[in-house]
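Colleague: Got coords19.txt for you, compact mmCIF, C-alpha atoms:
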# COMPACT_ATOMS: atom_id res chain seq x y z
CA MET A 1 123.63 -92.60 95.24
CA THR A 2 127.33 -91.93 95.04
CA LEU A 3 128.89 -88.67 95.97
CA ALA A 4 130.12 -88.31 92.42
CA SER A 5 126.61 -88.05 90.97
CA PRO A 6 125.81 -84.35 90.96
CA THR A 7 128.96 -82.33 90.49
CA PHE A 8 128.15 -79.09 92.16
CA SER A 9 129.53 -75.76 91.12
CA ALA A 10 128.32 -72.83 93.10
CA THR A 11 129.20 -69.93 95.35
CA PHE A 12 127.62 -69.29 98.70
CA SER A 13 128.13 -65.78 100.03
CA ALA A 14 127.17 -63.70 103.01
CA THR A 15 127.20 -59.91 103.03
CA GLY A 16 126.96 -57.73 106.10
CA LEU A 17 125.38 -60.51 108.15
CA SER A 18 124.40 -59.74 111.73
CA CYS A 19 122.59 -61.78 114.31
CA VAL A 20 120.70 -60.90 117.49
CA ARG A 21 119.85 -63.56 120.07
CA GLY A 22 117.43 -62.48 122.74
CA GLU A 23 118.39 -58.88 123.43
CA ARG A 24 122.07 -59.43 122.72
CA GLY A 25 123.82 -58.74 119.44
CA VAL A 26 126.02 -61.77 118.68
CA PHE A 27 127.93 -60.68 115.60
CA GLY A 28 127.59 -58.00 112.97
CA GLY A 29 128.91 -56.96 109.57
CA LEU A 30 130.10 -60.45 108.75
CA SER A 31 130.84 -61.27 105.10
CA PHE A 32 132.41 -64.24 103.33
CA ASP A 33 132.38 -66.23 100.10
CA VAL A 34 132.66 -69.99 99.81
CA SER A 35 132.87 -71.68 96.44
CA SER A 36 132.72 -75.29 95.31
CA GLY A 37 135.65 -77.27 96.62
CA GLN A 38 136.33 -74.87 99.47
CA VAL A 39 136.01 -75.27 103.19
CA LEU A 40 135.60 -72.39 105.61
CA TYR A 41 136.60 -72.96 109.21
CA LEU A 42 134.84 -70.82 111.79
CA THR A 43 136.96 -70.14 114.82
CA GLY A 44 136.51 -67.79 117.73
CA ALA A 45 136.11 -67.79 121.47
CA ASN A 46 133.23 -69.59 123.19
CA GLY A 47 130.10 -67.53 122.79
CA SER A 48 131.44 -65.54 119.84
CA GLY A 49 128.56 -66.79 117.70
CA LYS A 50 129.92 -69.73 115.67
CA SER A 51 126.86 -71.86 116.31
CA SER A 52 124.50 -68.94 115.75
CA LEU A 53 126.21 -68.20 112.45
CA LEU A 54 125.80 -71.81 111.32
CA ARG A 55 122.12 -71.74 112.31
CA VAL A 56 121.67 -68.55 110.32
CA LEU A 57 123.38 -70.17 107.33
CA ALA A 58 121.18 -73.25 107.63
CA GLY A 59 118.05 -71.11 107.70
CA LEU A 60 117.00 -71.94 111.25
CA ILE A 61 117.50 -68.34 112.40
CA ARG A 62 116.67 -65.29 110.32
CA PRO A 63 119.56 -62.84 110.26
CA ALA A 64 118.84 -59.47 111.86
CA ASP A 65 120.56 -57.82 108.94
CA GLY A 66 122.50 -58.74 105.80
CA THR A 67 121.89 -61.16 102.97
CA LEU A 68 122.86 -64.69 102.05
CA THR A 69 123.10 -65.59 98.40
CA TRP A 70 123.59 -68.79 96.45
CA ASN A 71 125.04 -68.07 93.00
CA GLY A 72 123.78 -64.54 93.40
CA THR A 73 120.18 -65.48 94.27
CA PRO A 74 119.10 -64.44 97.77
CA ILE A 75 118.34 -67.40 100.05
CA SER A 76 115.30 -65.64 101.51
CA ASP A 77 113.55 -66.02 98.13
CA THR A 78 114.34 -69.70 97.75
CA ARG A 79 114.06 -71.21 101.23
CA ASP A 80 112.71 -74.52 99.97
CA THR A 81 115.59 -75.17 97.59
CA HIS A 82 118.07 -73.98 100.20
CA ARG A 83 116.90 -76.70 102.58
CA GLU A 84 117.70 -79.30 99.91
CA ARG A 85 121.26 -77.96 99.62
CA VAL A 86 122.10 -78.04 103.29
CA ARG A 87 123.27 -80.84 105.59
CA TYR A 88 123.44 -79.48 109.11
CA VAL A 89 125.14 -81.26 112.01
CA GLY A 90 124.42 -79.44 115.26
CA HIS A 91 125.16 -80.09 118.91
CA HIS A 92 122.54 -82.82 119.21
CA ASP A 93 122.82 -86.09 117.35
CA ALA A 94 119.10 -86.70 116.69
CA VAL A 95 119.49 -90.41 117.40
CA LYS A 96 116.41 -92.33 118.57
CA PRO A 97 117.51 -94.86 121.19
CA VAL A 98 114.85 -97.49 120.40
CA LEU A 99 115.52 -97.59 116.67
CA THR A 100 118.44 -99.56 115.31
CA VAL A 101 121.48 -97.79 113.91
CA ALA A 102 120.44 -98.55 110.33
CA GLU A 103 116.81 -97.49 110.95
CA ASN A 104 117.97 -94.18 112.37
CA LEU A 105 120.09 -93.44 109.34
CA SER A 106 117.65 -94.63 106.69
CA PHE A 107 114.91 -92.46 108.20
CA TRP A 108 117.02 -89.34 107.71
CA ILE A 109 117.89 -90.38 104.17
CA ASN A 110 114.23 -90.93 103.28
CA LEU A 111 113.46 -87.54 104.70
CA SER A 112 116.13 -85.68 102.75
CA VAL A 113 116.36 -87.53 99.45
CA SER A 114 113.40 -88.14 97.18
CA GLU A 115 114.52 -91.54 95.92
CA ILE A 116 117.19 -93.92 97.04
CA GLU A 117 119.20 -95.96 94.58
CA ALA A 118 118.72 -99.35 96.16
CA GLU A 119 121.65 -101.07 94.44
CA ASN A 120 124.18 -98.72 96.01
CA ASP A 121 122.82 -99.16 99.53
CA PRO A 122 123.78 -95.71 100.84
CA VAL A 123 122.94 -96.69 104.42
CA MET A 124 125.43 -99.53 104.61
CA ASN A 125 128.08 -97.61 102.67
CA ALA A 126 127.85 -94.66 105.02
CA LEU A 127 127.84 -96.84 108.14
CA ASP A 128 130.82 -98.75 106.76
CA HIS A 129 132.70 -95.52 106.17
CA PHE A 130 132.24 -94.46 109.77
CA GLY A 131 132.97 -97.93 111.18
CA LEU A 132 129.42 -98.65 112.32
CA LYS A 133 128.56 -101.44 109.88
CA THR A 134 128.79 -104.23 112.43
CA LEU A 135 126.43 -102.31 114.72
CA ALA A 136 123.79 -101.71 112.03
CA ASP A 137 121.12 -103.89 113.66
CA MET A 138 121.78 -102.82 117.21
CA PRO A 139 119.38 -100.46 119.00
CA ALA A 140 121.03 -97.06 119.10
CA ARG A 141 120.68 -96.78 122.88
CA PHE A 142 123.77 -98.98 123.22
CA LEU A 143 125.95 -96.54 121.27
CA SER A 144 128.56 -94.42 123.00
CA ALA A 145 128.59 -90.64 122.59
CA GLY A 146 131.27 -90.87 119.91
CA GLN A 147 129.40 -93.59 118.02
CA LYS A 148 126.22 -91.52 118.09
CA ARG A 149 128.13 -88.62 116.60
CA ARG A 150 129.53 -90.94 113.90
CA LEU A 151 125.99 -92.06 113.13
CA ASN A 152 124.93 -88.43 112.82
CA LEU A 153 127.89 -87.71 110.53
CA SER A 154 126.92 -90.71 108.36
CA ARG A 155 123.98 -88.64 107.12
CA LEU A 156 126.46 -86.44 105.28
CA ILE A 157 127.63 -89.16 102.94
CA ALA A 158 124.43 -91.22 102.82
CA ALA A 159 122.39 -88.27 101.53
CA PRO A 160 124.76 -85.99 99.63
CA ALA A 161 124.12 -82.27 99.43
CA PRO A 162 126.37 -79.43 98.27
CA LEU A 163 126.67 -77.48 101.51
CA TRP A 164 127.81 -79.03 104.78
CA LEU A 165 127.33 -76.97 107.92
CA LEU A 166 129.09 -78.71 110.77
CA ASP A 167 129.07 -77.46 114.33
CA GLU A 168 132.04 -78.93 116.21
CA PRO A 169 131.67 -82.21 114.32
CA THR A 170 134.53 -83.99 116.05
CA THR A 171 133.18 -83.68 119.60
CA ALA A 172 133.54 -87.08 121.33
CA VAL A 173 134.87 -88.66 118.12
CA ASP A 174 138.11 -90.67 118.31
CA ARG A 175 141.11 -90.38 115.99
CA ALA A 176 139.83 -92.97 113.52
CA GLY A 177 136.48 -91.21 113.35
CA ILE A 178 138.14 -87.86 112.68
CA GLU A 179 140.12 -89.50 109.89
CA ALA A 180 136.92 -90.92 108.40
CA LEU A 181 135.33 -87.49 108.46
CA ASP A 182 138.48 -86.00 106.94
CA HIS A 183 138.29 -88.50 104.05
CA ALA A 184 134.60 -87.86 103.53
CA LEU A 185 135.26 -84.12 103.53
CA ALA A 186 138.08 -84.45 100.99
CA ARG A 187 135.83 -86.47 98.68
CA HIS A 188 132.98 -84.00 99.17
CA LEU A 189 135.23 -81.06 98.25
CA GLY A 190 136.67 -83.02 95.33
CA ASN A 191 133.14 -83.42 93.96
CA GLY A 192 132.58 -79.70 94.11
CA GLY A 193 130.91 -79.58 97.51
CA MET A 194 131.59 -76.95 100.10
CA ALA A 195 131.71 -76.98 103.86
CA ILE A 196 131.55 -74.48 106.68
CA ILE A 197 132.83 -75.95 109.91
CA ALA A 198 132.91 -74.48 113.39
CA THR A 199 135.84 -76.01 115.19
CA HIS A 200 138.70 -75.45 117.57
CA ASP A 201 141.04 -77.79 115.73
CA PRO A 202 140.81 -77.62 111.91
CA LEU A 203 141.02 -80.98 110.17
CA THR A 204 143.45 -80.04 107.41
CA ALA A 205 146.37 -77.66 107.38
CA ASP A 206 145.75 -75.28 104.48
CA VAL A 207 142.46 -73.68 105.38
CA VAL A 208 140.54 -70.45 105.19
CA ASN A 209 139.74 -69.24 108.65
CA LEU A 210 137.01 -66.89 109.66
CA ASP A 211 137.31 -65.74 113.26
CA VAL A 212 133.78 -64.85 114.31
CA SER A 213 135.18 -62.83 117.25
CA ASP A 214 136.48 -60.32 114.68
CA PHE A 215 132.93 -59.27 113.90
CA PRO A 216 131.53 -57.88 117.13
CA PHE A 217 128.01 -56.60 117.06
CA ALA A 218 128.20 -52.79 116.97
CA ALA A 219 125.81 -51.14 119.42
CA ASP A 220 124.89 -48.37 116.98
CA MET A 221 123.97 -50.85 114.28
CA ASP A 222 120.36 -50.66 113.20
CA THR A 223 119.09 -54.01 114.36
CA VAL A 224 115.60 -54.61 113.07
CA MET B 1 104.97 -87.44 100.26
CA ASN B 2 107.82 -89.87 100.59
CA SER B 3 109.20 -87.99 103.56
CA ALA B 4 105.79 -87.77 105.25
CA THR B 5 105.32 -91.54 105.03
CA ALA B 6 108.88 -92.06 106.25
CA LEU B 7 108.11 -89.90 109.28
CA LEU B 8 104.78 -91.64 109.89
CA ARG B 9 106.51 -95.03 109.76
CA ARG B 10 109.20 -93.86 112.16
CA GLU B 11 106.64 -92.47 114.61
CA LEU B 12 104.59 -95.67 114.60
CA ARG B 13 107.73 -97.75 115.00
CA LEU B 14 108.82 -95.60 117.95
CA ALA B 15 105.37 -95.92 119.51
CA PHE B 16 105.32 -99.71 119.15
CA ARG B 17 108.87 -100.19 120.43
CA GLN B 18 108.22 -97.98 123.43
CA GLY B 19 104.71 -99.32 123.84
CA GLY B 20 104.10 -97.66 127.16
CA ASP B 21 102.64 -94.34 126.02
CA SER B 22 99.67 -95.76 124.12
CA LEU B 23 98.83 -98.24 126.82
CA LEU B 24 99.11 -95.55 129.48
CA VAL B 25 96.61 -93.34 127.67
CA VAL B 26 94.08 -96.14 127.32
CA MET B 27 94.51 -97.23 130.94
CA PHE B 28 94.02 -93.65 132.10
CA PHE B 29 90.89 -93.35 129.97
CA VAL B 30 89.42 -96.55 131.38
CA LEU B 31 90.32 -95.68 134.99
CA VAL B 32 88.80 -92.21 134.87
CA VAL B 33 85.55 -93.60 133.49
CA VAL B 34 85.50 -96.40 136.04
CA LEU B 35 85.93 -93.88 138.87
CA PHE B 36 82.64 -92.17 138.03
CA PRO B 37 80.26 -94.91 139.19
CA LEU B 38 82.25 -95.01 142.43
CA GLY B 39 81.91 -91.24 142.82
CA VAL B 40 78.28 -90.63 141.88
CA GLY B 41 76.89 -93.92 143.14
CA PRO B 42 75.82 -96.96 141.14
CA GLU B 43 72.33 -95.80 140.19
CA PRO B 44 71.87 -97.03 136.61
CA GLY B 45 69.58 -94.11 135.67
CA ILE B 46 72.10 -91.40 136.57
CA LEU B 47 75.00 -93.22 134.93
CA ALA B 48 73.08 -93.76 131.72
CA ARG B 49 72.25 -90.07 131.57
CA ILE B 50 75.74 -88.71 132.19
CA GLY B 51 77.59 -91.59 130.46
CA GLY B 52 78.19 -89.87 127.12
CA GLY B 53 79.59 -86.77 128.78
CA VAL B 54 81.82 -88.77 131.13
CA ILE B 55 83.34 -90.71 128.27
CA TRP B 56 83.98 -87.53 126.29
CA VAL B 57 85.60 -85.66 129.17
CA ALA B 58 87.77 -88.69 129.93
CA ALA B 59 88.78 -88.84 126.26
CA LEU B 60 89.81 -85.16 126.34
CA LEU B 61 91.92 -85.68 129.44
CA ALA B 62 93.48 -88.84 128.02
CA ALA B 63 94.33 -87.02 124.80
CA MET B 64 96.04 -84.29 126.86
CA LEU B 65 98.12 -86.84 128.70
CA SER B 66 100.30 -87.81 125.77
CA MET B 67 100.16 -84.46 124.01
CA ASP B 68 103.19 -82.80 125.58
CA ARG B 69 105.41 -85.60 124.25
CA LEU B 70 104.37 -84.92 120.66
CA PHE B 71 107.29 -82.63 119.77
CA GLN B 72 109.19 -82.48 123.05
CA THR B 73 111.37 -85.59 122.58
CA ASP B 74 112.29 -84.52 119.05
CA TYR B 75 113.06 -81.06 120.38
CA ASP B 76 115.32 -82.44 123.10
CA ASP B 77 117.38 -84.75 120.89
CA GLY B 78 117.79 -82.32 117.98
CA SER B 79 115.51 -84.20 115.56
CA LEU B 80 113.12 -81.27 115.37
CA GLU B 81 115.80 -78.96 113.93
CA LEU B 82 116.50 -81.51 111.23
CA LEU B 83 112.78 -81.87 110.50
CA VAL B 84 112.59 -78.08 110.09
CA LEU B 85 115.57 -78.28 107.72
CA ALA B 86 114.15 -81.21 105.73
CA PRO B 87 113.20 -80.36 102.14
CA ALA B 88 109.56 -81.38 102.69
CA PRO B 89 107.20 -78.64 103.95
CA LEU B 90 107.12 -78.62 107.74
CA GLU B 91 103.31 -78.43 107.67
CA VAL B 92 103.15 -81.84 105.98
CA LEU B 93 105.60 -83.31 108.49
CA VAL B 94 103.51 -81.91 111.36
CA LEU B 95 100.47 -83.56 109.83
CA ALA B 96 102.34 -86.88 109.66
CA LYS B 97 103.28 -86.61 113.34
CA VAL B 98 99.69 -85.75 114.29
CA ALA B 99 98.41 -88.70 112.26
CA ALA B 100 100.79 -91.00 114.12
CA HIS B 101 99.69 -89.51 117.43
CA TRP B 102 96.04 -90.13 116.60
CA LEU B 103 96.70 -93.70 115.42
CA THR B 104 98.52 -94.55 118.64
CA THR B 105 96.30 -92.73 121.16
CA GLY B 106 92.99 -91.67 119.55
CA LEU B 107 92.20 -94.89 117.77
CA PRO B 108 92.65 -97.12 120.87
CA LEU B 109 90.24 -94.83 122.75
CA ILE B 110 87.59 -95.37 120.09
CA ILE B 111 88.12 -99.12 120.23
CA VAL B 112 87.60 -99.37 124.00
CA SER B 113 84.73 -96.86 124.11
CA PRO B 114 81.88 -99.40 123.62
CA LEU B 115 83.23 -101.35 126.57
CA LEU B 116 83.12 -98.23 128.74
CA ALA B 117 79.65 -97.40 127.46
CA LEU B 118 78.62 -100.84 128.70
CA LEU B 119 80.17 -100.14 132.11
CA LEU B 120 78.18 -96.91 132.35
CA ASN B 121 74.94 -98.65 131.42
CA LEU B 122 74.61 -96.59 128.26
CA SER B 123 71.80 -97.80 126.04
CA PRO B 124 73.22 -99.94 123.16
CA SER B 125 71.52 -97.62 120.66
CA GLY B 126 74.16 -95.02 121.48
CA TYR B 127 77.28 -97.19 120.94
CA GLY B 128 77.55 -96.62 117.21
CA VAL B 129 77.07 -92.88 117.45
CA LEU B 130 79.52 -92.65 120.36
CA ALA B 131 82.20 -94.40 118.31
CA ALA B 132 81.41 -92.25 115.25
CA ALA B 133 81.52 -89.05 117.30
CA LEU B 134 84.85 -90.06 118.84
CA ALA B 135 86.18 -90.99 115.40
CA LEU B 136 85.36 -87.51 114.12
CA GLY B 137 86.32 -85.68 117.31
CA THR B 138 89.59 -87.23 118.45
CA PRO B 139 91.55 -86.29 115.29
CA SER B 140 90.55 -82.66 115.97
CA LEU B 141 91.87 -83.05 119.50
CA SER B 142 95.21 -84.29 118.18
CA LEU B 143 95.40 -81.44 115.68
CA ILE B 144 94.51 -78.70 118.17
CA GLY B 145 96.79 -80.24 120.76
CA ALA B 146 99.66 -80.08 118.28
CA ILE B 147 99.49 -76.28 118.33
CA GLY B 148 99.69 -76.26 122.10
CA ALA B 149 102.51 -78.82 122.10
CA ALA B 150 104.48 -76.70 119.64
CA LEU B 151 103.85 -73.47 121.55
CA THR B 152 105.01 -74.90 124.86
CA LEU B 153 108.27 -76.35 123.50
CA GLY B 154 111.12 -75.43 125.76
CA ALA B 155 108.82 -74.11 128.49
CA ARG B 156 109.23 -75.38 132.02
CA ARG B 157 106.12 -77.25 133.19
CA GLY B 158 105.07 -77.32 129.56
CA GLY B 159 102.51 -80.04 130.29
CA VAL B 160 100.44 -77.91 132.68
CA LEU B 161 100.67 -74.86 130.44
CA LEU B 162 99.63 -77.01 127.50
CA SER B 163 96.44 -78.12 129.29
CA LEU B 164 95.54 -74.53 130.08
CA LEU B 165 96.08 -73.50 126.47
CA VAL B 166 94.38 -76.36 124.77
CA LEU B 167 91.49 -77.59 126.94
CA PRO B 168 89.34 -74.47 126.25
CA LEU B 169 89.83 -75.07 122.53
CA PHE B 170 88.47 -78.61 122.96
CA ILE B 171 85.08 -77.29 124.15
CA PRO B 172 83.33 -77.22 120.74
CA ALA B 173 84.31 -80.82 120.05
CA LEU B 174 83.08 -81.77 123.54
CA ILE B 175 79.70 -80.03 123.14
CA PHE B 176 78.87 -81.55 119.78
CA GLY B 177 80.35 -84.92 120.66
CA VAL B 178 78.12 -85.22 123.72
CA SER B 179 75.05 -83.86 121.95
CA ALA B 180 75.45 -86.46 119.21
CA VAL B 181 75.44 -89.25 121.80
CA ASP B 182 72.51 -87.72 123.69
CA ALA B 183 70.52 -87.34 120.50
CA ALA B 184 71.02 -91.02 119.73
CA LEU B 185 69.94 -92.02 123.24
CA LEU B 186 66.79 -89.87 123.02
CA ASP B 187 65.96 -91.23 119.56
CA LEU B 188 66.57 -87.83 117.99
CA ASN B 189 68.51 -87.17 114.82
CA SER B 190 72.22 -87.36 115.66
CA ARG B 191 73.28 -86.36 112.16
CA PRO B 192 73.58 -82.57 112.68
CA PRO B 193 76.03 -82.72 115.62
CA LEU B 194 78.07 -85.36 113.77
CA LEU B 195 78.20 -83.11 110.72
CA ILE B 196 79.38 -80.21 112.87
CA LEU B 197 82.08 -82.46 114.36
CA GLY B 198 83.13 -83.25 110.80
CA ALA B 199 83.23 -79.55 109.98
CA LEU B 200 85.35 -78.87 113.05
CA LEU B 201 87.74 -81.60 111.92
CA LEU B 202 88.06 -80.07 108.46
CA LEU B 203 88.68 -76.66 109.98
CA ALA B 204 91.34 -78.04 112.31
CA LEU B 205 92.90 -79.95 109.42
CA ALA B 206 93.16 -76.76 107.39
CA LEU B 207 94.52 -74.49 110.12
CA CYS B 208 96.38 -76.47 112.77
CA PRO B 209 99.35 -77.78 110.74
CA TRP B 210 100.23 -74.21 109.73
CA ALA B 211 99.93 -72.81 113.24
CA ALA B 212 101.92 -75.69 114.75
CA ALA B 213 104.63 -75.43 112.07
CA ALA B 214 104.99 -71.69 112.71
CA ALA B 215 105.33 -72.34 116.44
CA ILE B 216 107.95 -75.03 115.81
CA ARG B 217 109.99 -72.70 113.61
CA GLN B 218 109.86 -70.17 116.43
CA ALA B 219 110.99 -72.76 118.97
CA THR B 220 113.94 -74.00 116.90
CA GLU B 221 115.28 -70.51 116.22
Let me see whether you can do it: turn the structure in this file into structure tokens.
Modeller:
Amino acid sequence: MTLASPTFSATFSATGLSCVRGERGVFGGLSFDVSSGQVLYLTGANGSGKSSLLRVLAGLIRPADGTLTWNGTPISDTRDTHRERVRYVGHHDAVKPVLTVAENLSFWINLSVSEIEAENDPVMNALDHFGLKTLADMPARFLSAGQKRRLNLSRLIAAPAPLWLLDEPTTAVDRAGIEALDHALARHLGNGGMAIIATHDPLTADVVNLDVSDFPFAADMDTV
Amino acid sequence: MNSATALLRRELRLAFRQGGDSLLVVMFFVLVVVLFPLGVGPEPGILARIGGGVIWVAALLAAMLSMDRLFQTDYDDGSLELLVLAPAPLEVLVLAKVAAHWLTTGLPLIIVSPLLALLLNLSPSGYGVLAAALALGTPSLSLIGAIGAALTLGARRGGVLLSLLVLPLFIPALIFGVSAVDAALLDLNSRPPLLILGALLLLALALCPWAAAAAIRQATE
């Protein structure tokens, strides 16, 4: 499956989003719109709620307040289809040490995509893009931290989906790896995809920034 | 369905590559059963009478042994979040993981059970029913255990907590499993207890994946 196949055109918006973790309000009153071809960089101090926001957007956490919509339809009504739209890269790389690099990746593709176009070999293409092709048959326990992250990022291009949610994707990744991600991102946006990325150093220069610290949780806000 | 089989294949592959877990469970099962003749004395009459119960209790404990690993490793390395986010229903994925757990720990127990029955001087007329009862009972153990494993995710000393949560729920399977074996040994009809074991399995099959999936969603929040 090539990235060009489905050309996405959509808008993902959040209105008045707030999040409570444990007893603590993390952020509140947060709104944004992202459309096809756009990338939104989340910045903000440590603990300001970038990761929590991404988890809310992925559907792992239910927001305490506010709504998320995809082309105007609330996500809460269409959770199943939302999961098909999202590729989430979190802090952990979800790499099984005893499986080979290729086995790790093809498992995640089988899980996210209903059928694989065998002639395109998405596994090898994705591994090649992130410079892991020569390691395809090696057990993943021999990978370095940066290589594991590259393997995790390979999921993004091996199983395309319109919305990328990346949480500090360049952690432990070297310059060449960052460049590979940058290329993949450019192609993804060119095909009408969108991305929301929590980062301290944005990949490209002209970007939309959303500083999560600007949306403190107000104590008087009705939480539940 | 594609994703469930992909997960099942991955789980089995992981189990075979790591090998240790399955073998450990079977060894534990065998050792516990072998300890009983040493503890209660080698009188064949006593052993034959308590044999069915000993094998069942050992099977419960052995099933517990590997249970806390069911979701914990996926939870630790971030795989569980991605499973929650996969397009396939989480309940189906839970079922695939439970099936893999049973194939790698429950099935070996059934295979070695006749050997242990022999060690305990159980009458050969009970072997078939013992294996049948274990075949119907151990999948229920895996299913019920999955709820406990999901509930204790992220807890310190999750393994101990898991035993406390889950062992009481194993009691019905234990009672009817043992009574099926006893019925066979006493030349009574062992069909009713086997049917009840089957009913328990169907009940667990219908309820446990949902409960475990809800607990997993809670844990990955």
Colleague: Sorted by chain and rising residue number, which residues of chain B lie within 8 Å of chain A, and what are their closest atom pairs and distances in Å to one decimal, counting only C-alpha atoms, as JSON lines?
Modeller:
{"residue": "B:Asn2", "atom": "CA", "partner": "A:Ser114", "partner_atom": "CA", "distance": 6.8}
{"residue": "B:Ser3", "atom": "CA", "partner": "A:Leu111", "partner_atom": "CA", "distance": 4.4}
{"residue": "B:Ala4", "atom": "CA", "partner": "A:Leu111", "partner_atom": "CA", "distance": 7.7}
{"residue": "B:Ala6", "atom": "CA", "partner": "A:Asn110", "partner_atom": "CA", "distance": 6.2}
{"residue": "B:Leu7", "atom": "CA", "partner": "A:Phe107", "partner_atom": "CA", "distance": 7.3}
{"residue": "B:Arg10", "atom": "CA", "partner": "A:Phe107", "partner_atom": "CA", "distance": 7.1}
{"residue": "B:Arg13", "atom": "CA", "partner": "A:Leu99", "partner_atom": "CA", "distance": 8.0}
{"residue": "B:Leu14", "atom": "CA", "partner": "A:Val98", "partner_atom": "CA", "distance": 6.8}
{"residue": "B:Arg17", "atom": "CA", "partner": "A:Val98", "partner_atom": "CA", "distance": 6.6}
{"residue": "B:Gln18", "atom": "CA", "partner": "A:Val98", "partner_atom": "CA", "distance": 7.3}
{"residue": "B:Asp74", "atom": "CA", "partner": "A:Ala94", "partner_atom": "CA", "distance": 7.5}
{"residue": "B:Asp77", "atom": "CA", "partner": "A:Ala94", "partner_atom": "CA", "distance": 4.9}
{"residue": "B:Gly78", "atom": "CA", "partner": "A:Ala94", "partner_atom": "CA", "distance": 4.8}
{"residue": "B:Ser79", "atom": "CA", "partner": "A:Ala94", "partner_atom": "CA", "distance": 4.5}
{"residue": "B:Glu81", "atom": "CA", "partner": "A:Leu60", "partner_atom": "CA", "distance": 7.6}
{"residue": "B:Leu82", "atom": "CA", "partner": "A:Tyr88", "partner_atom": "CA", "distance": 7.5}
{"residue": "B:Val84", "atom": "CA", "partner": "A:Leu60", "partner_atom": "CA", "distance": 7.6}
{"residue": "B:Leu85", "atom": "CA", "partner": "A:Arg83", "partner_atom": "CA", "distance": 5.5}
{"residue": "B:Ala86", "atom": "CA", "partner": "A:Ser112", "partner_atom": "CA", "distance": 5.7}
{"residue": "B:Pro87", "atom": "CA", "partner": "A:Glu84", "partner_atom": "CA", "distance": 5.1}
{"residue": "B:Ala88", "atom": "CA", "partner": "A:Leu111", "partner_atom": "CA", "distance": 7.6}
{"residue": "B:Pro89", "atom": "CA", "partner": "A:Asp80", "partner_atom": "CA", "distance": 7.9}
{"residue": "B:Arg217", "atom": "CA", "partner": "A:Leu60", "partner_atom": "CA", "distance": 7.4}
{"residue": "B:Thr220", "atom": "CA", "partner": "A:Leu60", "partner_atom": "CA", "distance": 6.7}
{"residue": "B:Glu221", "atom": "CA", "partner": "A:Ile61", "partner_atom": "CA", "distance": 4.9}
Colleague: Calculate how many Å separate atom CA of A:Asn209 from atom CA of A:Asn46, rounding to one decimal.
Modeller: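 So the answer is 15.9 Å.
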Colleague: Using only C-alpha atoms, find the one residue out of B:Pro172, B:Gly39, B:Pro192, B:Gly158 that sits nearest to B:Leu65.
Modeller: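 When distances to B:Leu65 are compared using only C-alpha atoms, the smallest one comes from B:Gly158.
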Colleague: As a VMD selection string, please: the residues near B:Val160 (cut-off 10 Å, only C-alpha atoms, same-chain neighbours under 5 positions excluded).
Modeller: chain B and resid 64 68 152 165
Colleague: I'd like the interatomic distance between atom CA of B:Ser123 and atom CA of B:Val57, to a tenth of an Å.
Modeller: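 Computed distance, atom CA of B:Ser123 to atom CA of B:Val57, equals 18.6 Å.
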Colleague: Taking all atoms listed in the file into account, which of A:His200, A:Ser154, A:Leu143, A:Met194 comes nearest A:Thr171?
Modeller: A:His200
Colleague: What's the separation between atom CA of A:Leu151 and atom CA of A:Asp182, in Å to one decimal place?
Modeller: 15.2 Å
Colleague: Excluding B:Leu194 and its own-chain neighbours fewer than 6 positions away, which residues fall within 12 Å of it when counting only C-alpha atoms? Please give them as an NGL selection string.
Modeller: :B and (128-137 or 172-184 or 200-201)
Colleague: Please, which residues are within 6 Å of (121.0, -98.7, 104.6) by the file's coordinates, counting all atoms listed in the file, and could they come as number ranges by chain?
Modeller: A: 102, 106, 121-124
Colleague: Residues within 10 Å of (97.0, -98.5, 124.9), file coordinates, counting all atoms listed in the file: what are they? Give the list as a list in words.
Modeller: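 Residues close enough to count: Gly19, Gly20, Asp21, Ser22, Leu23, Leu24, Val25, Val26, Met27, Phe28, Phe29, Thr104, Thr105, Gly106, Leu107, Pro108, Leu109 and Val112 of chain B.
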Colleague: For a quick check of understanding, using all atoms listed in the file, which of A:Phe130, A:Ser35, A:Gly193, A:Ala136 has the smallest distance to A:Glu179?
Modeller: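 Once distances to A:Glu179 are computed over all atoms listed in the file, the minimum belongs to A:Phe130.
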Colleague: Quick one: of B:Leu195, B:Ile171, B:Leu143, B:Leu185, who's nearest to B:Trp210, counting all atoms listed in the file?
Modeller: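 Closest to B:Trp210 of all the choices is B:Leu143.
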Colleague: Find the residue from B:Ala149, B:Val40, B:Leu31, B:Ala100 that sits nearest to B:Ala212; use only C-alpha atoms when measuring.
Modeller: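 Looking at the shortest contact to B:Ala212, the residue is B:Ala149.
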Colleague: From the options B:Val92, B:Leu202, B:Ala150, B:Ile144, which residue's atoms come nearest to B:Phe71, counting all atoms listed in the file?
Modeller: B:Ala150
